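Trainee: Structure below; questions to follow.
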Amino acid sequence: MSQARIPQSIDTKPLCEPPALAEPVRCYRLMIVEDDEVIRDSLVNYLEQYHEAPYQLKVDACCDGNQAFAQLNAGLLYDLVISDIHLPGPDGFAVLDYAQQVQPQAQKALITAYHVEDYIRTAKEKGFFNIIAKAVPFNYQELSTVINNLLNPSSAFGLANYLPEGTSVDTFSIQNSEDIMTCFHTLRKRFEQVRVKNVDDLCTAVIEAITNAVYHANKNEAGEDKYEKGSPIEALLPTEYVTVQYAETKDCIGISIIDQGGKLTGKDILYWMERNVSGEGLLDSHGRGLFLIHHLVDRLIVNLKPGHCTEIIMLDYFGLDYQANKPVYINLL
Amino acid sequence: MTSGAPRSLATHWMTTVLDELPSALMMVNAAGDLLHMNQKAYALLGTEAMQPFERLEAFPPYLQPLATLIATTQETIARSQIELLLPPSPVEMSLVENPSSEPSVVELASPRPVTFGFSLTIRHLPEMGQVKFFIFSDITQVLLDRQQAERIKDELFQSKKLAAMGAMITGVAHELNNPVIGISMSVELAKMKLAKTHKHIAEQIGLDDPFCRNLEEMFSVIGQEMNRATDATRRATVLVRDLMDYAKPARMTLEPVDWGEFLQKFVADIAQQPVFANAQFSWLPLECPLLVKVDRVRMEQVFYNLFKNATEASEGQPHIEIGFQLSGPVADKRTKEPVYFVHCLVRDEGQGMPPDVLEQIFEPFFTTKGRGGVGLGLSISYKTMEMHGGALSVESQPGQGTTFTVTLPLASDSVPRRIG
């Protein structure tokens with residue numbers, strides 16, 4: 001379950017120093033607030049017995065908002081609080097608001113059995129960037145990944161972290177506008193070969209993400225797009241290259257698009273998602289890309305390292321599972 | 001006695017009194033001579049220029065049904081109705097002959113169907129013998145108003161019933177959602193435990209052991225059942241989501257679209273889909289562009305449902321006919337502005353439906369497809385059209401095919417100059 005890291009070269013240390021002890025296993029404390037008993041027990045059961053990670057996880061469960069308030073004041077420091085939104089008494093937003101006040105060190109995420117989209121506006125206002133969906137069939141693996149990413153945001157970056165160990169990942173580097181189409185056509189061929197249910201949808205999402213990364217991530221000194229959208233670019237600067245990763249497994253395929261601009265913020269992303277959901281911004285192409293991607297792919301994960309990079313990860317489960325009720329995953333480093 | 005007889009003062013008085021009556025009156029003797037007609041009768045029959053009628057046979061052709069009724073009746077009739085087709089009234093005639101420079105609506109000069117409510121009383125008067133008193137009034141508008149009131153009552157009942165069912169569905173969907181997720185979480189967790197135990201036993205005891213082989217078999221059976229449970233939770237979730245979507249106050253994105261163009265494109269797209277591979281769509285296009293404000297996705301769902309139902313109702317090659325009608329103006333309930341409507345008719349030549357099916361067709365969970373459908377499609381479509389300020393209605397008879405009418409208000413800046 002958990003592995004201690006053993007320093008590899010003990011013998012090179014001077015003999016006079018005491019031998020280094022094995023690094024203690026890090027222990028994280030997690031609070032789950034969930035009113036449905038079966039769901040709560042399943043979550044706790046899974047996280048205590050099956051959540052594989054190089055750290056220990058101590059899970060406390062609360063069954064309503066008031067119990068959560070009391071537990072947050074019980075003198076324990078939490079690393080992560082995950083709360084259901086609909087709760088008897090104070091709701092999930094109130095719980096996380098309170099956690100924000102009394103335990104600012106804790107990461108926060110919401111979980112819901114209802115339409116995630118209905119909650120995006122409030123989540124944006126309050127600055128909560130992760131809304132987990134109780135999907136059916138329930139995807140425990142995804143829950144583990146989300147928790148890992150919240151506890152250690154750097155593990156959110158890179159497509160490989162979302163796929164079983166040992167999955168090979170192809171990498172393309174986009175260095176001019178011609179590379180965009182070359183990469184796109186290569187991917188399209190792969191989509192057609194594997195069992196992607198709606199190749200056109202996935203292609204739309206991919207081309208949106210790549211063109212956004214090339215044309216919107218790179219700004220001039222005035223803060224405007226450096227290259228006009230769709231215009232030919234002979235050569236991007238090395239600091240403007242966009243990296244595209246692709247991998248396939250028996251259950252899904254994954255695509256990752258990384259720019260080096262790092263211009264997006266968590267609130268931007270929720271703003272565009274919400275604005276487009278409510279129909280206010282449909283005619284506004286700015287930000288429509290993200291909205292489209294969120295709708296066209298089964299899973300969208302946005303990783304942000306402001307000033308350094310933005311990574312858009314898309315997962316497609318061949319149209320079998322996890323289509324309805326899409327979660328929101330935005331990781332900030 | 002004829003109308004040519006000299007009039008006494010009493011006759012003059014009586015004529016005046018009869019003219020003041022609110023009802024129309026005709027008096028006819030046994031020979032079929034018209035003894036008297038009051039002013040109201042002339043006004044209703046529209047025959048001022050032709051008075052006086054000497055005999056019933058002299059009535060113009062369009063009044064012959066009335067003449068025959070009076071001539072042949074030998075017993076008193078209380079409270080009955082007769083329908084006639086009268087020529088257009090002079091006012092309407094003049095509109096057609098001299099249309100004003102910019103008429104928004106031109107009423108065509110066609111014969112006017114009218115309904116008269118009447119009583120026919122037979123009396124024997126001294127010196128005059130048998131006299132028939134035909135007393136009548138125009139109840140056309142009353143009947144129309146009554147029909148409309150009935151229709152409004154029906155619609156209100158229908159929409160209240162659907163609202164109540166919607167509220168119930170929301171409750172049920174929300175109550176079902178958590179248990180379904182709970183089951184799914186337990187099943188997936190159990191699968192994980194099973195896999196872990198399986199791996200553990202294989203490693204510790206080895207699969208060559210006969211006991212282990214029995215276990216292996218059991219694991220495989222349990223695994224299969226678990227996968228069936230996963231499939232069932234998947235289906236249950238789709239249903240619960242449909243229900244939650246049905247009851248959810250939907251957010252609509254209304255965009256102005258050219259209605260004819262929008263539908264034509266949608267039909268062209270959809271005809272390519274395997275479900276409609278066999279179907280033949282025929283299209284009676286709109287003559288001019290008409291702007292409507294719709295949520296594209298929802299509107300496509302409505303038509304997809306209608307086309308799919310039409311296809312399923314047809315044996316052999318489905319033939320779906322799409323046509324348009326216009327109506328209006330009707331004063332908007334709130335703004336009192338005139339509103340015009342475009343009706344899109346989707347007609348199939350399928351098996352049609354009996355009245356008891358038609359009555360329930362827009363109710364949630366009503367289906368005639370057995371296990372083939374949940375029965376939400378038309379109900380959601382009905383709601384969608386209501387949300388657009390329009391309507392969805394149906395006409396059908398067994399063996400005669402079915403026509404669905406999708407009604408939308410025209411965008412106010414798109415009122416056609418002429419509807420006729």
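Each chain of the structure tokens is named A, B, ... in the order shown, its residues numbered from 1; ligands are numbered from 1 in display order.
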Give one line per residue of chain A that approaches chain B to at most 7 Å, naming the two atoms of the closest pair and their distance in Å to one decimal, counting only C-alpha atoms; sort by chain then ascending residue number and deliver it as a tab-separated table.

Mentor:
```
residue	atom	partner	partner_atom	distance
A:Val38	CA	B:Gly182	CA	5.4
A:Ile39	CA	B:Gly182	CA	5.0
A:Ser42	CA	B:Ser186	CA	6.3
A:Tyr46	CA	B:Leu189	CA	7.0
A:Lys134	CA	B:Ile181	CA	6.9
A:Val136	CA	B:Arg234	CA	6.0
A:Pro137	CA	B:Ser184	CA	5.6
A:Phe138	CA	B:Met185	CA	5.5
A:Ser278	CA	B:Arg251	CA	6.7
A:Gly279	CA	B:Thr253	CA	5.2
```

Trainee: Would you save the residues from that selection as a compact mmCIF listing (two decimals), in the first residue's frame, using C-alpha atoms?

Mentor:
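After the write, result.txt holds the following:
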```txt
# COMPACT_ATOMS: atom_id res chain seq x y z
CA VAL A 38 -24.06 3.54 1.69
CA ILE A 39 -22.13 6.09 -0.33
CA SER A 42 -18.15 2.89 0.30
CA TYR A 46 -12.28 2.31 -0.55
CA LYS A 134 -20.78 10.58 -8.54
CA VAL A 136 -22.24 5.42 -12.58
CA PRO A 137 -20.47 3.04 -12.75
CA PHE A 138 -18.52 4.71 -9.99
CA SER A 278 -26.19 29.58 -19.35
CA GLY A 279 -26.13 30.55 -23.00
```

Trainee: Which polymer residues have any atom within 10 Å of an atom of Gly223 (chain B), counting only C-alpha atoms, with same-chain residues fewer than 3 positions away left out, as a list in words?

Mentor: Ala190, Lys191, Leu194, Ala195, Glu217, Met218, Phe219, Ser220, Met226, Asn227, Arg228 and Ala229 of chain B

Trainee: Could you write out the selected residues, including C-alpha atoms, as a PDB file, in the first residue's frame?

Mentor:
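Written out: result-v3.pdb:
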```pdb
ATOM      1  CA  ALA B 190     -17.031  -5.541  -4.417  1.00  0.00           C
ATOM      2  CA  LYS B 191     -15.449  -6.177  -7.823  1.00  0.00           C
ATOM      3  CA  LEU B 194     -13.036  -9.899  -5.513  1.00  0.00           C
ATOM      4  CA  ALA B 195     -10.110  -9.206  -7.817  1.00  0.00           C
ATOM      5  CA  GLU B 217     -15.142 -21.098 -11.105  1.00  0.00           C
ATOM      6  CA  MET B 218     -17.079 -19.344  -8.372  1.00  0.00           C
ATOM      7  CA  PHE B 219     -15.108 -16.143  -8.896  1.00  0.00           C
ATOM      8  CA  SER B 220     -15.906 -16.242 -12.559  1.00  0.00           C
ATOM      9  CA  MET B 226     -21.280  -8.273 -10.939  1.00  0.00           C
ATOM     10  CA  ASN B 227     -20.893  -7.110 -14.513  1.00  0.00           C
ATOM     11  CA  ARG B 228     -24.597  -7.614 -15.055  1.00  0.00           C
ATOM     12  CA  ALA B 229     -25.219  -5.493 -11.984  1.00  0.00           C
TER      13      ALA B 229
END
```

Trainee: Please determine, counting only C-alpha atoms, which residue among A:Gly261, A:Asn66, A:Ile82, A:Gly75 has the shortest atom-to-atom distance to Ile32 (chain A).

Mentor: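 The answer is A:Ile82, which sits nearest to Ile32 (chain A).
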
Trainee: Using backbone DSSP assignments, extract all alpha helix (DSSP H) residues from region 28-241 of chain B; output them as number ranges by chain.

Mentor: B: 39-45, 64-72, 90-97, 140-204, 210-241

Trainee: Write out as number ranges by chain which residues come within 8 Å of region 353-359 of chain B when counting only C-alpha atoms, dropping same-chain ones fewer than 6 positions away.

Mentor: B: 394-399, 401-402

Trainee: Could you tell me how far CA of His51 (chain A) lies from CA of Tyr140 (chain A), in Å and to one decimal?

Mentor: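 Pair CA of His51 (chain A) / CA of Tyr140 (chain A) returns 8.6 Å.
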
Trainee: I want to know what sits within 8 Å of Thr211 (chain A), based on only C-alpha atoms, with residues of the same chain fewer than 4 positions away left out; could you give that as a count of residues only?

Mentor: 6

Trainee: What does the structure give for the distance between CA of Thr310 (chain A) and CA of Ile174 (chain A), in Å to one decimal?

Mentor: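 Taking CA of Thr310 (chain A) as the start and CA of Ile174 (chain A) as the end point, the length is 14.9 Å.
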
Trainee: Please compute the CA of His12 (chain B)-CA of Ser137 (chain B) distance, one decimal, in Å.

Mentor: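 Between CA of His12 (chain B) and CA of Ser137 (chain B) the gap works out to 23.4 Å.
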
Trainee: Can you list, as a count of residues only, all residues belonging to region 115-331 of chain A that DSSP tags as strand (DSSP E or B)?

Mentor: 44

Trainee: Which residues are near region 380-385 of chain B? Cut-off 8 Å, only C-alpha atoms, ignore same chain within fewer than 2 positions. Put them as a list in words.

Mentor: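 Near neighbours after the sequence-gap exclusion: Tyr246, Arg298, Met299, Gln301, Val302, Asn305, Phe362, Pro364, Leu376, Gly377, Leu378, Met387, His388, Gly389, Gly390, Ala391, Leu392, Val406, Thr407 and Leu408 of chain B.
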